[in-house]
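Dumped query_7.pdb below, it's PDB, C-alpha atoms:
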```pdb
ATOM      1  CA  MET C   1     -22.003 -86.362 -26.080
ATOM      2  CA  VAL C   2     -23.814 -83.439 -27.692
ATOM      3  CA  VAL C   3     -24.382 -81.888 -24.309
ATOM      4  CA  GLU C   4     -20.723 -82.047 -23.486
ATOM      5  CA  ILE C   5     -19.829 -80.448 -26.826
ATOM      6  CA  LEU C   6     -22.366 -77.683 -26.284
ATOM      7  CA  SER C   7     -21.153 -77.072 -22.799
ATOM      8  CA  ALA C   8     -17.573 -76.923 -24.040
ATOM      9  CA  VAL C   9     -18.560 -74.447 -26.723
ATOM     10  CA  VAL C  10     -20.406 -72.308 -24.190
ATOM     11  CA  VAL C  11     -17.453 -72.290 -21.848
ATOM     12  CA  ALA C  12     -15.065 -71.446 -24.684
ATOM     13  CA  GLY C  13     -17.369 -68.695 -25.895
ATOM     14  CA  GLY C  14     -17.620 -67.254 -22.393
ATOM     15  CA  ALA C  15     -13.865 -67.282 -21.975
ATOM     16  CA  TRP C  16     -13.413 -65.639 -25.360
ATOM     17  CA  PHE C  17     -15.991 -62.972 -24.539
ATOM     18  CA  ALA C  18     -14.417 -62.306 -21.165
ATOM     19  CA  ALA C  19     -10.988 -61.972 -22.759
ATOM     20  CA  SER C  20     -12.174 -59.708 -25.557
ATOM     21  CA  VAL C  21     -14.438 -57.278 -23.702
ATOM     22  CA  ARG C  22     -13.148 -54.374 -21.640
ATOM     23  CA  VAL C  23     -15.009 -51.518 -19.957
ATOM     24  CA  VAL C  24     -13.723 -47.951 -20.445
ATOM     25  CA  LYS C  25     -15.035 -45.449 -17.890
ATOM     26  CA  GLN C  26     -16.354 -41.979 -18.732
ATOM     27  CA  TYR C  27     -13.217 -40.110 -17.606
ATOM     28  CA  GLU C  28     -10.861 -42.552 -19.406
ATOM     29  CA  ARG C  29      -9.752 -43.294 -22.922
ATOM     30  CA  GLY C  30      -8.511 -46.694 -24.115
ATOM     31  CA  LEU C  31      -5.383 -47.329 -26.198
ATOM     32  CA  VAL C  32      -5.189 -50.673 -28.012
ATOM     33  CA  PHE C  33      -1.738 -52.169 -28.554
ATOM     34  CA  ARG C  34      -1.819 -54.963 -31.151
ATOM     35  CA  PHE C  35       1.377 -56.973 -31.184
ATOM     36  CA  GLY C  36       3.056 -54.054 -29.453
ATOM     37  CA  ARG C  37       1.948 -51.384 -31.883
ATOM     38  CA  VAL C  38      -0.602 -48.775 -30.826
ATOM     39  CA  ARG C  39      -3.763 -48.554 -32.855
ATOM     40  CA  PRO C  40      -4.615 -45.027 -34.070
ATOM     41  CA  GLN C  41      -8.228 -45.411 -33.025
ATOM     42  CA  VAL C  42      -8.814 -44.458 -29.400
ATOM     43  CA  ARG C  43     -11.539 -46.416 -27.627
ATOM     44  CA  GLU C  44     -14.260 -44.205 -26.203
ATOM     45  CA  PRO C  45     -16.077 -44.822 -22.878
ATOM     46  CA  GLY C  46     -18.181 -47.970 -22.853
ATOM     47  CA  LEU C  47     -17.526 -51.558 -23.973
ATOM     48  CA  ALA C  48     -14.361 -52.071 -25.986
ATOM     49  CA  MET C  49     -13.987 -55.257 -28.019
ATOM     50  CA  LEU C  50     -10.479 -56.711 -28.309
ATOM     51  CA  VAL C  51      -8.931 -59.641 -30.057
ATOM     52  CA  PRO C  52      -8.060 -62.093 -27.300
ATOM     53  CA  PHE C  53      -4.375 -62.781 -26.782
ATOM     54  CA  VAL C  54      -3.551 -60.267 -29.548
ATOM     55  CA  ASP C  55      -4.690 -56.852 -28.303
ATOM     56  CA  HIS C  56      -3.718 -55.159 -25.090
ATOM     57  CA  LEU C  57      -5.752 -52.268 -23.703
ATOM     58  CA  GLN C  58      -4.149 -49.378 -21.768
ATOM     59  CA  LYS C  59      -6.384 -46.829 -20.077
ATOM     60  CA  VAL C  60      -5.396 -43.158 -19.815
ATOM     61  CA  ASN C  61      -7.027 -40.815 -17.311
ATOM     62  CA  MET C  62      -8.349 -37.617 -18.925
ATOM     63  CA  GLN C  63      -9.250 -35.782 -15.711
ATOM     64  CA  ILE C  64      -7.487 -32.640 -14.504
ATOM     65  CA  ILE C  65      -4.617 -33.661 -12.248
ATOM     66  CA  THR C  66      -3.575 -31.513  -9.295
ATOM     67  CA  MET C  67       0.128 -31.798  -8.548
ATOM     68  CA  PRO C  68       1.756 -29.897  -5.676
ATOM     69  CA  VAL C  69       5.257 -28.643  -6.420
ATOM     70  CA  PRO C  70       7.648 -29.097  -3.466
ATOM     71  CA  ALA C  71       8.971 -25.896  -1.904
ATOM     72  CA  GLN C  72      12.064 -24.619  -3.675
ATOM     73  CA  ASP C  73      14.805 -22.503  -2.095
ATOM     74  CA  GLY C  74      16.116 -19.694  -4.236
ATOM     75  CA  ILE C  75      17.606 -16.209  -4.276
ATOM     76  CA  THR C  76      15.640 -13.428  -5.900
ATOM     77  CA  ARG C  77      17.085 -10.845  -8.228
ATOM     78  CA  ASP C  78      17.435  -8.382  -5.334
ATOM     79  CA  ASN C  79      19.444 -10.963  -3.303
ATOM     80  CA  VAL C  80      16.780 -12.149  -0.858
ATOM     81  CA  THR C  81      16.615 -15.804   0.151
ATOM     82  CA  VAL C  82      13.079 -17.185  -0.150
ATOM     83  CA  ARG C  83      11.309 -20.533  -0.130
ATOM     84  CA  VAL C  84       8.447 -20.837  -2.615
ATOM     85  CA  ASP C  85       6.007 -23.659  -3.314
ATOM     86  CA  ALA C  86       3.343 -23.914  -6.009
ATOM     87  CA  VAL C  87       0.634 -26.142  -7.448
ATOM     88  CA  VAL C  88       0.126 -27.254 -11.064
ATOM     89  CA  TYR C  89      -3.172 -28.209 -12.717
ATOM     90  CA  PHE C  90      -2.834 -30.176 -15.959
ATOM     91  CA  LYS C  91      -4.633 -32.783 -18.064
ATOM     92  CA  VAL C  92      -3.979 -35.154 -20.961
ATOM     93  CA  ILE C  93      -5.240 -33.910 -24.302
ATOM     94  CA  ASP C  94      -3.659 -36.577 -26.534
ATOM     95  CA  PRO C  95      -3.622 -40.023 -24.877
ATOM     96  CA  VAL C  96      -1.566 -41.633 -27.657
ATOM     97  CA  VAL C  97       1.260 -39.098 -27.393
ATOM     98  CA  ALA C  98       1.110 -39.123 -23.575
ATOM     99  CA  ALA C  99       1.443 -42.908 -23.518
ATOM    100  CA  VAL C 100       4.092 -43.235 -26.226
ATOM    101  CA  ASN C 101       6.324 -40.131 -26.122
ATOM    102  CA  VAL C 102       6.994 -40.033 -22.369
ATOM    103  CA  GLN C 103       7.435 -42.876 -19.909
ATOM    104  CA  ASP C 104       5.726 -41.205 -16.913
ATOM    105  CA  TYR C 105       4.127 -37.898 -17.758
ATOM    106  CA  ARG C 106       3.271 -37.168 -14.106
ATOM    107  CA  ALA C 107       6.905 -37.335 -13.013
ATOM    108  CA  ALA C 108       7.989 -35.392 -16.101
ATOM    109  CA  VAL C 109       5.560 -32.544 -15.391
ATOM    110  CA  GLY C 110       6.645 -32.485 -11.726
ATOM    111  CA  GLN C 111      10.335 -32.136 -12.597
ATOM    112  CA  VAL C 112       9.698 -29.420 -15.164
ATOM    113  CA  ALA C 113       7.557 -27.542 -12.642
ATOM    114  CA  GLN C 114      10.342 -27.593 -10.025
ATOM    115  CA  THR C 115      13.033 -26.339 -12.398
ATOM    116  CA  SER C 116      10.725 -23.664 -13.809
ATOM    117  CA  LEU C 117       9.829 -22.490 -10.307
ATOM    118  CA  ARG C 118      13.500 -22.085  -9.356
ATOM    119  CA  SER C 119      14.112 -20.205 -12.588
ATOM    120  CA  ILE C 120      11.209 -17.822 -12.024
ATOM    121  CA  ILE C 121      12.438 -17.106  -8.483
ATOM    122  CA  GLY C 122      15.858 -16.051  -9.737
ATOM    123  CA  LYS C 123      14.363 -13.743 -12.373
ATOM    124  CA  SER C 124      11.930 -11.980 -10.041
ATOM    125  CA  GLU C 125      12.228  -9.500  -7.213
ATOM    126  CA  LEU C 126      10.787  -9.949  -3.742
ATOM    127  CA  ASP C 127       8.053  -7.356  -4.281
ATOM    128  CA  ASP C 128       6.881  -9.226  -7.379
ATOM    129  CA  LEU C 129       6.672 -12.508  -5.470
ATOM    130  CA  LEU C 130       4.569 -10.859  -2.775
ATOM    131  CA  SER C 131       2.274  -8.554  -4.747
ATOM    132  CA  ASN C 132       2.477  -9.430  -8.458
ATOM    133  CA  ARG C 133       1.811 -13.153  -8.403
ATOM    134  CA  GLU C 134      -0.629 -13.136 -11.318
ATOM    135  CA  HIS C 135       2.105 -12.112 -13.728
ATOM    136  CA  LEU C 136       4.504 -14.683 -12.283
ATOM    137  CA  ASN C 137       1.857 -17.401 -12.520
ATOM    138  CA  GLU C 138       1.402 -16.676 -16.208
ATOM    139  CA  GLY C 139       5.146 -16.792 -16.839
ATOM    140  CA  LEU C 140       5.491 -20.037 -14.883
ATOM    141  CA  GLU C 141       2.599 -21.572 -16.824
ATOM    142  CA  LEU C 142       4.243 -20.741 -20.143
ATOM    143  CA  MET C 143       7.567 -22.212 -19.018
ATOM    144  CA  ILE C 144       5.947 -25.522 -18.021
ATOM    145  CA  ASP C 145       3.517 -25.706 -20.944
ATOM    146  CA  SER C 146       6.221 -25.343 -23.593
ATOM    147  CA  PRO C 147       7.763 -28.840 -23.165
ATOM    148  CA  ALA C 148       4.486 -30.412 -22.020
ATOM    149  CA  LEU C 149       2.852 -29.889 -25.403
ATOM    150  CA  ASP C 150       5.201 -32.465 -26.922
ATOM    151  CA  TRP C 151       3.969 -34.969 -24.339
ATOM    152  CA  GLY C 152       0.266 -34.517 -25.096
ATOM    153  CA  ILE C 153      -0.200 -32.563 -21.841
ATOM    154  CA  HIS C 154      -1.946 -29.235 -21.422
ATOM    155  CA  ILE C 155      -1.097 -27.076 -18.388
ATOM    156  CA  ASP C 156      -4.401 -25.690 -17.248
ATOM    157  CA  LYS C 157      -3.217 -23.466 -14.400
ATOM    158  CA  VAL C 158      -0.179 -22.769 -12.199
ATOM    159  CA  GLU C 159      -0.318 -20.883  -8.922
ATOM    160  CA  ILE C 160       2.304 -19.905  -6.351
ATOM    161  CA  LYS C 161       0.923 -20.919  -2.981
ATOM    162  CA  ASP C 162       3.271 -19.500  -0.367
ATOM    163  CA  VAL C 163       6.457 -17.447  -0.078
ATOM    164  CA  ALA C 164       8.445 -18.105   3.096
ATOM    165  CA  LEU C 165      10.781 -15.275   4.176
ATOM    166  CA  PRO C 166      13.580 -15.227   6.773
ATOM    167  CA  GLU C 167      12.696 -13.782  10.164
ATOM    168  CA  ALA C 168      15.112 -10.856   9.750
ATOM    169  CA  MET C 169      13.430  -9.908   6.491
ATOM    170  CA  LYS C 170      10.003 -10.091   8.123
ATOM    171  CA  ARG C 171      11.110  -7.696  10.860
ATOM    172  CA  SER C 172      12.584  -5.294   8.303
ATOM    173  CA  MET C 173       9.378  -5.305   6.290
ATOM    174  CA  SER C 174       7.374  -4.714   9.449
ATOM    175  CA  ARG C 175       9.478  -1.657  10.326
ATOM    176  CA  GLN C 176       9.155  -0.377   6.768
ATOM    177  CA  ALA C 177       5.386  -0.701   6.851
ATOM    178  CA  GLU C 178       5.238   1.026  10.239
ATOM    179  CA  ALA C 179       7.371   3.938   8.983
ATOM    180  CA  GLU C 180       5.184   4.266   5.889
ATOM    181  CA  ARG C 181       2.022   4.393   8.005
ATOM    182  CA  GLU C 182       3.611   7.002  10.277
ATOM    183  CA  ARG C 183       4.552   9.122   7.262
ATOM    184  CA  ARG C 184       1.008   8.984   5.927
ATOM    185  CA  ALA C 185      -0.399   9.931   9.321
ATOM    186  CA  ARG C 186       1.869  12.961   9.560
ATOM    187  CA  VAL C 187       1.017  14.115   6.050
ATOM    188  CA  ILE C 188      -2.702  13.791   6.734
ATOM    189  CA  SER C 189      -2.346  15.663  10.027
ATOM    190  CA  ALA C 190      -0.374  18.472   8.384
ATOM    191  CA  ASP C 191      -2.944  18.716   5.595
ATOM    192  CA  GLY C 192      -5.699  18.974   8.175
ATOM    193  CA  GLU C 193      -3.842  21.749  10.009
ATOM    194  CA  LEU C 194      -3.401  23.650   6.739
ATOM    195  CA  GLN C 195      -7.087  23.437   5.882
ATOM    196  CA  ALA C 196      -8.042  24.398   9.439
ATOM    197  CA  SER C 197      -5.769  27.460   9.298
ATOM    198  CA  HIS C 198      -7.468  28.630   6.094
ATOM    199  CA  LYS C 199     -10.896  28.225   7.660
ATOM    200  CA  LEU C 200      -9.815  29.998  10.833
ATOM    201  CA  ALA C 201      -8.412  32.877   8.794
ATOM    202  CA  GLN C 202     -11.742  33.237   6.984
ATOM    203  CA  ALA C 203     -13.616  33.108  10.292
ATOM    204  CA  ALA C 204     -11.329  35.746  11.815
ATOM    205  CA  ALA C 205     -11.908  38.043   8.847
ATOM    206  CA  THR C 206     -15.681  37.636   9.209
ATOM    207  CA  MET C 207     -15.563  38.318  12.963
ATOM    208  CA  ALA C 208     -13.421  41.402  12.387
ATOM    209  CA  ASP C 209     -16.106  42.854  10.102
ATOM    210  CA  THR C 210     -18.933  42.032  12.559
ATOM    211  CA  PRO C 211     -17.784  42.278  16.209
ATOM    212  CA  SER C 212     -21.096  40.868  17.433
ATOM    213  CA  ALA C 213     -20.115  37.546  15.859
ATOM    214  CA  MET C 214     -17.256  37.305  18.357
ATOM    215  CA  GLN C 215     -19.724  37.588  21.246
ATOM    216  CA  LEU C 216     -21.980  34.939  19.717
ATOM    217  CA  ARG C 217     -19.012  32.639  19.266
ATOM    218  CA  LEU C 218     -18.009  33.250  22.869
ATOM    219  CA  LEU C 219     -21.473  32.330  24.117
ATOM    220  CA  GLU C 220     -21.457  29.215  21.935
ATOM    221  CA  THR C 221     -18.121  28.151  23.423
ATOM    222  CA  VAL C 222     -19.473  28.710  26.931
ATOM    223  CA  VAL C 223     -22.488  26.507  26.145
ATOM    224  CA  GLN C 224     -20.238  23.735  24.851
ATOM    225  CA  VAL C 225     -17.967  23.851  27.891
ATOM    226  CA  SER C 226     -20.826  24.033  30.400
ATOM    227  CA  SER C 227     -22.523  20.952  28.915
ATOM    228  CA  GLU C 228     -20.105  18.661  30.796
ATOM    229  CA  LYS C 229     -20.992  20.276  34.187
ATOM    230  CA  ASN C 230     -17.579  19.490  35.627
ATOM    231  CA  SER C 231     -15.896  22.899  35.666
ATOM    232  CA  THR C 232     -16.379  26.439  36.934
ATOM    233  CA  LEU C 233     -16.739  29.228  34.362
ATOM    234  CA  ILE C 234     -15.823  32.887  34.868
ATOM    235  CA  LEU C 235     -17.536  34.969  32.212
ATOM    236  CA  PRO C 236     -15.733  38.141  31.097
ATOM    237  CA  PHE C 237     -17.643  41.418  30.957
ATOM    238  CA  PRO C 238     -19.054  41.872  27.452
ATOM    239  CA  VAL C 239     -17.066  44.358  25.448
ATOM    240  CA  GLU C 240     -20.115  45.406  23.465
ATOM    241  CA  LEU C 241     -21.812  46.571  26.662
ATOM    242  CA  LEU C 242     -18.792  48.776  27.463
ATOM    243  CA  ARG C 243     -18.958  50.257  23.999
ATOM    244  CA  PHE C 244     -22.692  50.893  24.442
ATOM    245  CA  LEU C 245     -22.157  52.679  27.771
ATOM    246  CA  ASP C 246     -19.255  54.702  26.389
ATOM    247  CA  ALA C 247     -21.304  55.825  23.418
ATOM    248  CA  HIS C 248     -24.241  57.026  25.585
ATOM    249  CA  THR C 249     -22.239  58.729  28.382
ATOM    250  CA  PRO C 250     -22.130  62.648  28.029
ATOM    251  CA  LYS C 251     -18.678  64.090  27.847
ATOM    252  CA  GLN C 252     -17.533  66.752  30.476
ATOM    253  CA  GLN C 253     -16.787  70.396  29.603
ATOM    254  CA  ALA C 254     -13.209  71.238  28.874
ATOM    255  CA  ALA C 255     -11.368  72.959  31.836
ATOM    256  CA  ALA C 256     -10.594  76.785  31.765
ATOM    257  CA  PRO C 257      -7.149  77.732  30.578
ATOM    258  CA  VAL C 258      -4.627  78.498  33.335
ATOM    259  CA  PRO C 259      -2.781  81.915  32.982
ATOM    260  CA  ALA C 260       0.865  81.660  32.207
ATOM    261  CA  ALA C 261       3.354  82.622  34.941
ATOM    262  CA  PRO C 262       5.367  85.846  34.446
ATOM    263  CA  VAL C 263       8.841  85.464  33.095
ATOM    264  CA  ALA C 264      11.577  86.863  35.348
ATOM    265  CA  THR C 265      14.046  89.281  33.719
ATOM    266  CA  ALA C 266      17.609  89.732  34.767
ATOM    267  CA  PRO C 267      18.416  93.200  36.403
ATOM    268  CA  GLU C 268      20.483  95.599  34.392
ATOM    269  CA  PRO C 269      23.961  96.254  35.757
ATOM    270  CA  GLU C 270      24.462  99.645  37.523
ATOM    271  CA  ALA C 271      27.055 102.106  36.348
ATOM    272  CA  VAL C 272      30.041 102.331  38.640
ATOM    273  CA  GLU C 273      32.301 105.330  38.610
ATOM    274  CA  ALA C 274      36.020 104.895  38.218
ATOM    275  CA  LYS C 275      38.005 105.693  41.312
ATOM    276  CA  PRO C 276      41.637 106.845  41.176
ATOM    277  CA  GLU C 277      44.091 104.696  42.968
ATOM    278  CA  ALA C 278      47.033 105.832  44.979
ATOM    279  CA  ASN C 279      49.570 105.434  42.221
ATOM    280  CA  GLY C 280      47.718 107.831  39.976
ATOM    281  CA  HIS C 281      46.140 105.245  37.653
ATOM    282  CA  VAL C 282      42.462 104.988  37.193
ATOM    283  CA  THR C 283      40.650 101.692  37.621
ATOM    284  CA  PRO C 284      38.205 101.254  34.749
ATOM    285  CA  ALA C 285      34.590 100.717  35.602
ATOM    286  CA  PRO C 286      32.917  97.431  34.662
ATOM    287  CA  ARG C 287      31.363  97.494  31.199
ATOM    288  CA  ALA C 288      27.823  96.812  30.511
ATOM    289  CA  PRO C 289      26.913  94.458  27.741
ATOM    290  CA  GLY C 290      27.017  96.251  24.407
ATOM    291  CA  ASP C 291      29.452  99.076  25.510
ATOM    292  CA  ALA C 292      32.422  99.748  23.306
ATOM    293  CA  ALA C 293      35.842  99.199  24.647
ATOM    294  CA  LEU C 294      37.682 102.468  25.726
ATOM    295  CA  PRO C 295      41.356 102.906  25.195
ATOM    296  CA  THR C 296      43.435 103.177  28.377
ATOM    297  CA  ALA C 297      46.118 105.759  29.033
ATOM    298  CA  ASP C 298      49.637 104.574  29.423
TER     299      ASP C 298
END
```

Once you've parsed the file, please lay out its structure as structure tokens.
Amino acid sequence: MVVEILSAVVVAGGAWFAASVRVVKQYERGLVFRFGRVRPQVREPGLAMLVPFVDHLQKVNMQIITMPVPAQDGITRDNVTVRVDAVVYFKVIDPVVAAVNVQDYRAAVGQVAQTSLRSIIGKSELDDLLSNREHLNEGLELMIDSPALDWGIHIDKVEIKDVALPEAMKRSMSRQAEAERERRARVISADGELQASHKLAQAAATMADTPSAMQLRLLETVVQVSSEKNSTLILPFPVELLRFLDAHTPKQQAAAPVPAAPVATAPEPEAVEAKPEANGHVTPAPRAPGDAALPTAD
């Protein structure tokens, strides 16, 4: 009889112990609901003792949760249709508030993230979505974290993963990038030509002061061309050698002056006597240059 009573006590004690002991893992926190009311004391990791059939233990995960945000279609501020998806990293900082104030904090954070992502798309331009994502990530994090604080949730990080563009927009951006690269290439080429012209002008001025430098440059060019051994070179006669020969050649004596040819003079006109005509008048003789005119008889 005593054995049966002891065995019954042992079995009852084991059942009571099994109903009153719970194990809380390291990454969890335990909330005790006693007759439906949450106890302010949060059970830490380890063994948690409960009152059987009175207390109810609810475990809350305290790890960082990674939640992908589905891709959202939107129109940017510069009227470009895009499709953007993101990812949210958050964790529970107050297990009592997270368990009491919101029914499903995971779904609540997901819905807020989607609406905030659509809002940030409409307020941003396409260039910001493509090149200024850090600023947009900060703004998106603030928009999601504002209501999440009332749920005992802390938004650790928000990142925009991908921005999908229409094919027409991709082609336009490709042409724009190609035109920009072409413009840079032309500017660099023109700058190189300008610098080369300045250097060539300085070299020409130096060669003009020292003509022998031109011959040295000519020989250097010949050496560079002849290094390939695939062409025939015709070397011009050195100008300096011509100048050397001209400077050392004696000059000839000047030729004797040729006498000037005599100048022909016009013959003076001969005096012609006046002869009487048959009618009794006298024909005047021709006048020489410089003679005075003689009056004629009527």

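Near Ile121 in chain C, within a cut-off of 9 Å and counting all atoms listed in the file, sit the residues C:Gln72, C:Asp73, C:Gly74, C:Ile75, C:Thr76, C:Arg77, C:Val82, C:Val84, C:Ser116, C:Leu117, C:Arg118, C:Ser124, C:Glu125, C:Leu126, C:Leu129, with same-chain residues fewer than 3 positions away left out.
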
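Coordinates place CA of Val42 in chain C at a distance of 9.9 Å from CA of Lys59 in chain C.
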
For range 25-36 of chain C, list every protein, DNA or RNA residue within 6 Å, evaluated using all atoms listed in the file, and leave out those in the same chain fewer than 6 positions away; present the list as an NGL selection string. :C and (42-45 or 54-62)

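The coordinates place CA of Leu218 in chain C at 17.0 Å from CA of Ala201 in chain C.
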
List the residues matched by the PyMOL selection byres ((chain C and resi 90-103) around 10) in the displayed structure as an MDAnalysis selection string, ordered by chain and then by residue number. chainID C and resid 28:32 38:42 58:67 88:89 104:109 145 148:158

Could you pull the residues within 12 Å of Glu167 in chain C, counting only C-alpha atoms, minus those fewer than 5 positions along the same chain, as a ChimeraX atom specification? /C:80-82,172-174

Atomic separation - CA of Arg181 in chain C relative to CA of Glu193 in chain C, Å: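 Between these atoms lies a distance of 18.4 Å.
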